[in-house]
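For reference, the structure is listed below as C-alpha cells.
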Amino acid sequence: MEYISSFTYCDTIQTEITQNGPRPQIVNPLQVLAPVAIPGNYSFAISCNIAGFNITSKNIVRLEFVAPSGTVIYDTKDIELPISKENIKTEKPAAMQFNLDMRNLVIREPGLYTTKVSVNNKIIGEYKIEVIVGE
C-alpha cells in the first residue's frame, strides 16, 4: 500500500555535494505562501517522499496544486515510476523522492490551496497551505 512518508512546502531545495554523493537540502520550510501581490507570480518548492510501491507492477504518480476555487494551478500529469531491478533483488522498501520546483506560478486568489498526491489514480494525500498577501 502506497503512503506519503514526508511532505514539505519550502522556499527551494538545494543539492549539497557530500562524500556519499549528492543530497537534497530543504531551504526555509514554509507555513504560508506570501506573494507580494495577488494576483501575482510566486515561486516555491515541494518535497514529497512516497513509499510502499508494488515493485512488480507499473506505478503512476501525479501531483496537483489546486486553488480554493478548484482551479488546478500546477499539474505534473501522470509520471510513470521506473522499476529498479536492484529493488526487486533486495529487501529495500520501494520509495521515490519528488522535489518539485514551482517557479513563477500565477496566484490569482488568496485562501487555502491544496496539493493532491495520487498514485495509480487514487489520492493518497492532500496537503493544504494558506496563501496570503505578503510584505
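Convention: chains lettered A, B, ... in C-alpha cells order; per-chain residue numbering from 1; ligands numbered from 1 as shown.
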Exercise for the section: Enumerate the residues of stretch 4-95 of chain A with a DSSP assignment of strand (DSSP E), computed from the backbone, and present them as JSON, numbers by chain. Expected result: {"A": [4, 5, 6, 7, 8, 9, 10, 11, 12, 13, 14, 15, 16, 17, 18, 21, 22, 23, 24, 25, 26, 27, 28, 29, 32, 33, 40, 41, 42, 43, 44, 45, 46, 47, 48, 49, 50, 51, 59, 60, 61, 62, 63, 64, 65, 66, 72, 73, 74, 75, 79, 80, 81, 95]}
Exercise for the section: Find the spatial neighbours of stretch 101-106 of chain A, counting only C-alpha atoms, within a cut-off of 10 Å - ignore same-chain residues fewer than 6 positions away - and output them as a VMD selection string. Expected result: chain A and resid 10 to 13 35 38 to 47 65 73 to 74
N, CA, C and O atoms of the current selection, written as an mmCIF file, in the first residue's frame:
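After the write, out.cif holds the following:
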```cif
data_model
loop_
_atom_site.group_PDB
_atom_site.id
_atom_site.type_symbol
_atom_site.label_atom_id
_atom_site.label_comp_id
_atom_site.auth_asym_id
_atom_site.auth_seq_id
_atom_site.Cartn_x
_atom_site.Cartn_y
_atom_site.Cartn_z
ATOM 1 N N CYS A 10 8.507 24.554 0.841
ATOM 2 C CA CYS A 10 9.696 25.311 1.219
ATOM 3 C C CYS A 10 10.053 26.340 0.145
ATOM 4 O O CYS A 10 9.476 26.332 -0.948
ATOM 5 N N ASP A 11 11.007 27.232 0.472
ATOM 6 C CA ASP A 11 11.459 28.234 -0.494
ATOM 7 C C ASP A 11 12.130 27.583 -1.699
ATOM 8 O O ASP A 11 11.861 27.930 -2.841
ATOM 9 N N THR A 12 13.048 26.660 -1.434
ATOM 10 C CA THR A 12 13.780 25.986 -2.504
ATOM 11 C C THR A 12 14.413 24.710 -1.953
ATOM 12 O O THR A 12 14.439 24.494 -0.738
ATOM 13 N N ILE A 13 14.927 23.898 -2.852
ATOM 14 C CA ILE A 13 15.658 22.683 -2.471
ATOM 15 C C ILE A 13 16.988 22.722 -3.191
ATOM 16 O O ILE A 13 17.038 22.746 -4.423
ATOM 17 N N PRO A 35 2.878 35.813 -1.573
ATOM 18 C CA PRO A 35 3.310 36.667 -2.679
ATOM 19 C C PRO A 35 3.134 38.139 -2.331
ATOM 20 O O PRO A 35 2.307 38.492 -1.489
ATOM 21 N N ILE A 38 -1.556 39.880 -4.996
ATOM 22 C CA ILE A 38 -2.464 38.887 -5.560
ATOM 23 C C ILE A 38 -3.462 39.640 -6.428
ATOM 24 O O ILE A 38 -4.105 40.567 -5.941
ATOM 25 N N PRO A 39 -3.602 39.337 -7.717
ATOM 26 C CA PRO A 39 -2.869 38.277 -8.419
ATOM 27 C C PRO A 39 -1.405 38.645 -8.628
ATOM 28 O O PRO A 39 -1.053 39.817 -8.684
ATOM 29 N N GLY A 40 -0.594 37.605 -8.735
ATOM 30 C CA GLY A 40 0.832 37.790 -8.949
ATOM 31 C C GLY A 40 1.534 36.459 -9.096
ATOM 32 O O GLY A 40 0.948 35.396 -8.878
ATOM 33 N N ASN A 41 2.803 36.523 -9.471
ATOM 34 C CA ASN A 41 3.613 35.311 -9.613
ATOM 35 C C ASN A 41 4.289 34.994 -8.286
ATOM 36 O O ASN A 41 4.642 35.892 -7.529
ATOM 37 N N TYR A 42 4.495 33.691 -8.039
ATOM 38 C CA TYR A 42 5.142 33.269 -6.806
ATOM 39 C C TYR A 42 5.918 31.986 -7.072
ATOM 40 O O TYR A 42 5.480 31.124 -7.849
ATOM 41 N N SER A 43 7.069 31.838 -6.412
ATOM 42 C CA SER A 43 7.907 30.654 -6.571
ATOM 43 C C SER A 43 8.110 29.974 -5.224
ATOM 44 O O SER A 43 8.310 30.639 -4.210
ATOM 45 N N PHE A 44 8.059 28.649 -5.220
ATOM 46 C CA PHE A 44 8.305 27.841 -4.030
ATOM 47 C C PHE A 44 8.631 26.431 -4.486
ATOM 48 O O PHE A 44 8.660 26.148 -5.685
ATOM 49 N N ALA A 45 8.888 25.554 -3.544
ATOM 50 C CA ALA A 45 9.210 24.164 -3.873
ATOM 51 C C ALA A 45 8.424 23.225 -2.965
ATOM 52 O O ALA A 45 7.971 23.618 -1.892
ATOM 53 N N ILE A 46 8.281 21.994 -3.430
ATOM 54 C CA ILE A 46 7.629 20.936 -2.659
ATOM 55 C C ILE A 46 8.573 19.743 -2.627
ATOM 56 O O ILE A 46 9.115 19.345 -3.663
ATOM 57 N N SER A 47 8.752 19.162 -1.445
ATOM 58 C CA SER A 47 9.497 17.923 -1.303
ATOM 59 C C SER A 47 8.530 16.870 -0.772
ATOM 60 O O SER A 47 7.871 17.084 0.248
ATOM 61 N N PHE A 65 -1.550 21.050 -7.762
ATOM 62 C CA PHE A 65 -1.657 22.175 -6.839
ATOM 63 C C PHE A 65 -2.922 22.924 -7.229
ATOM 64 O O PHE A 65 -3.042 23.423 -8.354
ATOM 65 N N ILE A 73 -3.722 24.830 -10.592
ATOM 66 C CA ILE A 73 -2.679 25.805 -10.905
ATOM 67 C C ILE A 73 -1.446 25.120 -11.496
ATOM 68 O O ILE A 73 -0.772 25.664 -12.357
ATOM 69 N N TYR A 74 -1.140 23.914 -11.005
ATOM 70 C CA TYR A 74 0.016 23.163 -11.489
ATOM 71 C C TYR A 74 -0.342 21.677 -11.470
ATOM 72 O O TYR A 74 -0.950 21.191 -10.519
#
```
Problem - Shell around A:Val61 at 12 Å using only C-alpha atoms, local window under 5 positions removed, as a PyMOL selection string - result: chain A and resi 2-4+48-51+53+75-82+95-98+116-125
Just N, CA and C atoms for this one: save the residues we selected as a PDB file, in the first residue's frame.
```
ATOM      1  N   GLU A   2       0.641   2.134  -0.936  1.00  0.00           N
ATOM      2  CA  GLU A   2       1.436   3.352  -1.050  1.00  0.00           C
ATOM      3  C   GLU A   2       1.056   4.338   0.046  1.00  0.00           C
ATOM      4  N   TYR A   3       2.051   5.082   0.517  1.00  0.00           N
ATOM      5  CA  TYR A   3       1.810   6.103   1.532  1.00  0.00           C
ATOM      6  C   TYR A   3       2.854   7.204   1.399  1.00  0.00           C
ATOM      7  N   ILE A   4       2.538   8.375   1.948  1.00  0.00           N
ATOM      8  CA  ILE A   4       3.460   9.504   1.930  1.00  0.00           C
ATOM      9  C   ILE A   4       4.210   9.513   3.251  1.00  0.00           C
ATOM     10  N   CYS A  48       8.439  15.757  -1.479  1.00  0.00           N
ATOM     11  CA  CYS A  48       7.470  14.717  -1.110  1.00  0.00           C
ATOM     12  C   CYS A  48       8.107  13.349  -1.309  1.00  0.00           C
ATOM     13  N   ASN A  49       8.032  12.502  -0.299  1.00  0.00           N
ATOM     14  CA  ASN A  49       8.534  11.136  -0.412  1.00  0.00           C
ATOM     15  C   ASN A  49       7.353  10.177  -0.352  1.00  0.00           C
ATOM     16  N   ILE A  50       7.248   9.333  -1.373  1.00  0.00           N
ATOM     17  CA  ILE A  50       6.175   8.339  -1.450  1.00  0.00           C
ATOM     18  C   ILE A  50       6.818   6.966  -1.344  1.00  0.00           C
ATOM     19  N   ALA A  51       6.268   6.122  -0.481  1.00  0.00           N
ATOM     20  CA  ALA A  51       6.824   4.787  -0.254  1.00  0.00           C
ATOM     21  C   ALA A  51       5.725   3.734  -0.370  1.00  0.00           C
ATOM     22  N   PHE A  53       5.452   1.283  -2.775  1.00  0.00           N
ATOM     23  CA  PHE A  53       5.042   0.894  -4.126  1.00  0.00           C
ATOM     24  C   PHE A  53       5.119  -0.609  -4.317  1.00  0.00           C
ATOM     25  N   ASP A  75       0.048  20.973 -12.530  1.00  0.00           N
ATOM     26  CA  ASP A  75      -0.268  19.551 -12.652  1.00  0.00           C
ATOM     27  C   ASP A  75       0.929  18.847 -13.277  1.00  0.00           C
ATOM     28  N   THR A  76       1.476  17.852 -12.601  1.00  0.00           N
ATOM     29  CA  THR A  76       2.608  17.110 -13.165  1.00  0.00           C
ATOM     30  C   THR A  76       2.160  16.174 -14.280  1.00  0.00           C
ATOM     31  N   LYS A  77       0.851  15.942 -14.383  1.00  0.00           N
ATOM     32  CA  LYS A  77       0.301  14.893 -15.263  1.00  0.00           C
ATOM     33  C   LYS A  77       0.808  13.557 -14.724  1.00  0.00           C
ATOM     34  N   ASP A  78       0.554  12.491 -15.448  1.00  0.00           N
ATOM     35  CA  ASP A  78       0.954  11.162 -14.984  1.00  0.00           C
ATOM     36  C   ASP A  78       2.452  10.948 -15.178  1.00  0.00           C
ATOM     37  N   ILE A  79       3.118  10.509 -14.110  1.00  0.00           N
ATOM     38  CA  ILE A  79       4.542  10.188 -14.147  1.00  0.00           C
ATOM     39  C   ILE A  79       4.676   8.698 -13.861  1.00  0.00           C
ATOM     40  N   GLU A  80       5.213   7.948 -14.820  1.00  0.00           N
ATOM     41  CA  GLU A  80       5.407   6.517 -14.611  1.00  0.00           C
ATOM     42  C   GLU A  80       6.731   6.302 -13.887  1.00  0.00           C
ATOM     43  N   LEU A  81       6.675   5.578 -12.770  1.00  0.00           N
ATOM     44  CA  LEU A  81       7.885   5.323 -11.990  1.00  0.00           C
ATOM     45  C   LEU A  81       8.635   4.133 -12.570  1.00  0.00           C
ATOM     46  N   PRO A  82       9.934   4.304 -12.780  1.00  0.00           N
ATOM     47  CA  PRO A  82      10.720   3.166 -13.269  1.00  0.00           C
ATOM     48  C   PRO A  82      10.887   2.126 -12.162  1.00  0.00           C
ATOM     49  N   ALA A  95      10.583   3.285  -2.663  1.00  0.00           N
ATOM     50  CA  ALA A  95      10.246   4.669  -2.326  1.00  0.00           C
ATOM     51  C   ALA A  95      10.783   5.589  -3.409  1.00  0.00           C
ATOM     52  N   MET A  96      10.153   6.756  -3.539  1.00  0.00           N
ATOM     53  CA  MET A  96      10.568   7.744  -4.528  1.00  0.00           C
ATOM     54  C   MET A  96      10.464   9.130  -3.911  1.00  0.00           C
ATOM     55  N   GLN A  97      11.540   9.906  -4.011  1.00  0.00           N
ATOM     56  CA  GLN A  97      11.574  11.279  -3.519  1.00  0.00           C
ATOM     57  C   GLN A  97      11.286  12.211  -4.683  1.00  0.00           C
ATOM     58  N   PHE A  98      10.271  13.077  -4.527  1.00  0.00           N
ATOM     59  CA  PHE A  98       9.938  14.086  -5.536  1.00  0.00           C
ATOM     60  C   PHE A  98      10.302  15.449  -4.987  1.00  0.00           C
ATOM     61  N   LYS A 116      -2.613  17.804  -4.078  1.00  0.00           N
ATOM     62  CA  LYS A 116      -3.156  16.441  -4.089  1.00  0.00           C
ATOM     63  C   LYS A 116      -2.106  15.508  -4.668  1.00  0.00           C
ATOM     64  N   VAL A 117      -1.836  14.425  -3.942  1.00  0.00           N
ATOM     65  CA  VAL A 117      -0.861  13.432  -4.384  1.00  0.00           C
ATOM     66  C   VAL A 117      -1.615  12.146  -4.689  1.00  0.00           C
ATOM     67  N   SER A 118      -1.492  11.674  -5.933  1.00  0.00           N
ATOM     68  CA  SER A 118      -2.196  10.459  -6.365  1.00  0.00           C
ATOM     69  C   SER A 118      -1.191   9.405  -6.815  1.00  0.00           C
ATOM     70  N   VAL A 119      -1.501   8.158  -6.506  1.00  0.00           N
ATOM     71  CA  VAL A 119      -0.741   7.023  -7.008  1.00  0.00           C
ATOM     72  C   VAL A 119      -1.738   6.064  -7.639  1.00  0.00           C
ATOM     73  N   ASN A 120      -1.469   5.699  -8.881  1.00  0.00           N
ATOM     74  CA  ASN A 120      -2.335   4.788  -9.630  1.00  0.00           C
ATOM     75  C   ASN A 120      -3.795   5.257  -9.608  1.00  0.00           C
ATOM     76  N   ASN A 121      -3.963   6.561  -9.850  1.00  0.00           N
ATOM     77  CA  ASN A 121      -5.281   7.217  -9.947  1.00  0.00           C
ATOM     78  C   ASN A 121      -6.079   7.223  -8.643  1.00  0.00           C
ATOM     79  N   LYS A 122      -5.393   7.074  -7.507  1.00  0.00           N
ATOM     80  CA  LYS A 122      -6.056   7.139  -6.202  1.00  0.00           C
ATOM     81  C   LYS A 122      -5.337   8.185  -5.351  1.00  0.00           C
ATOM     82  N   ILE A 123      -6.081   9.150  -4.800  1.00  0.00           N
ATOM     83  CA  ILE A 123      -5.469  10.179  -3.959  1.00  0.00           C
ATOM     84  C   ILE A 123      -5.021   9.538  -2.649  1.00  0.00           C
ATOM     85  N   ILE A 124      -3.703   9.665  -2.354  1.00  0.00           N
ATOM     86  CA  ILE A 124      -3.180   9.097  -1.107  1.00  0.00           C
ATOM     87  C   ILE A 124      -2.845  10.175  -0.086  1.00  0.00           C
ATOM     88  N   GLY A 125      -2.955  11.446  -0.486  1.00  0.00           N
ATOM     89  CA  GLY A 125      -2.690  12.526   0.460  1.00  0.00           C
ATOM     90  C   GLY A 125      -3.073  13.878  -0.108  1.00  0.00           C
TER      91      GLY A 125
END
```
Handout entry: All residues 12 Å or closer to A:Arg23, only C-alpha atoms, same chain fewer than 4 positions away omitted, as number ranges by chain
Key = A: 13-19, 97, 99
Selection near A:Ala67, 8 Å with only C-alpha atoms, sequence-local residues under 2 positions removed, as a tab-separated table (two decimals) with C-alpha atoms, in the first residue's frame:
```
chain	number	residue	atom	x	y	z
A	65	PHE	CA	-1.66	22.17	-6.84
A	69	SER	CA	-11.86	27.85	-6.34
A	70	GLY	CA	-10.91	24.36	-7.57
A	71	THR	CA	-8.75	25.60	-10.45
A	72	VAL	CA	-5.67	23.43	-10.98
A	73	ILE	CA	-2.68	25.81	-10.91
A	109	GLU	CA	-6.70	34.45	-5.28
A	111	GLY	CA	-7.10	31.36	0.51
A	112	LEU	CA	-6.43	27.73	1.26
A	113	TYR	CA	-4.60	25.87	-1.54
A	114	THR	CA	-4.26	22.08	-1.70
```
Practice task
Any chance you could list, as a PyMOL selection string, the residues in stretch 26-130 of chain A that come up alpha helix (DSSP H) when DSSP is run on the backbone?
Solution key: chain A and resi 85-89
Exercise for the section: Have a look at atom CA of A:Gln25 and atom CA of A:Glu135 and let me know their distance in Å, one decimal. Expected result: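 Separating atom CA of A:Gln25 from atom CA of A:Glu135 is a distance of 26.1 Å.
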Handout entry: Point-to-point distance in Å for atom CA of A:Phe7 and atom CA of A:Pro110
Key =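 Result for atom CA of A:Pro110 versus atom CA of A:Phe7: 21.9 Å, one decimal.
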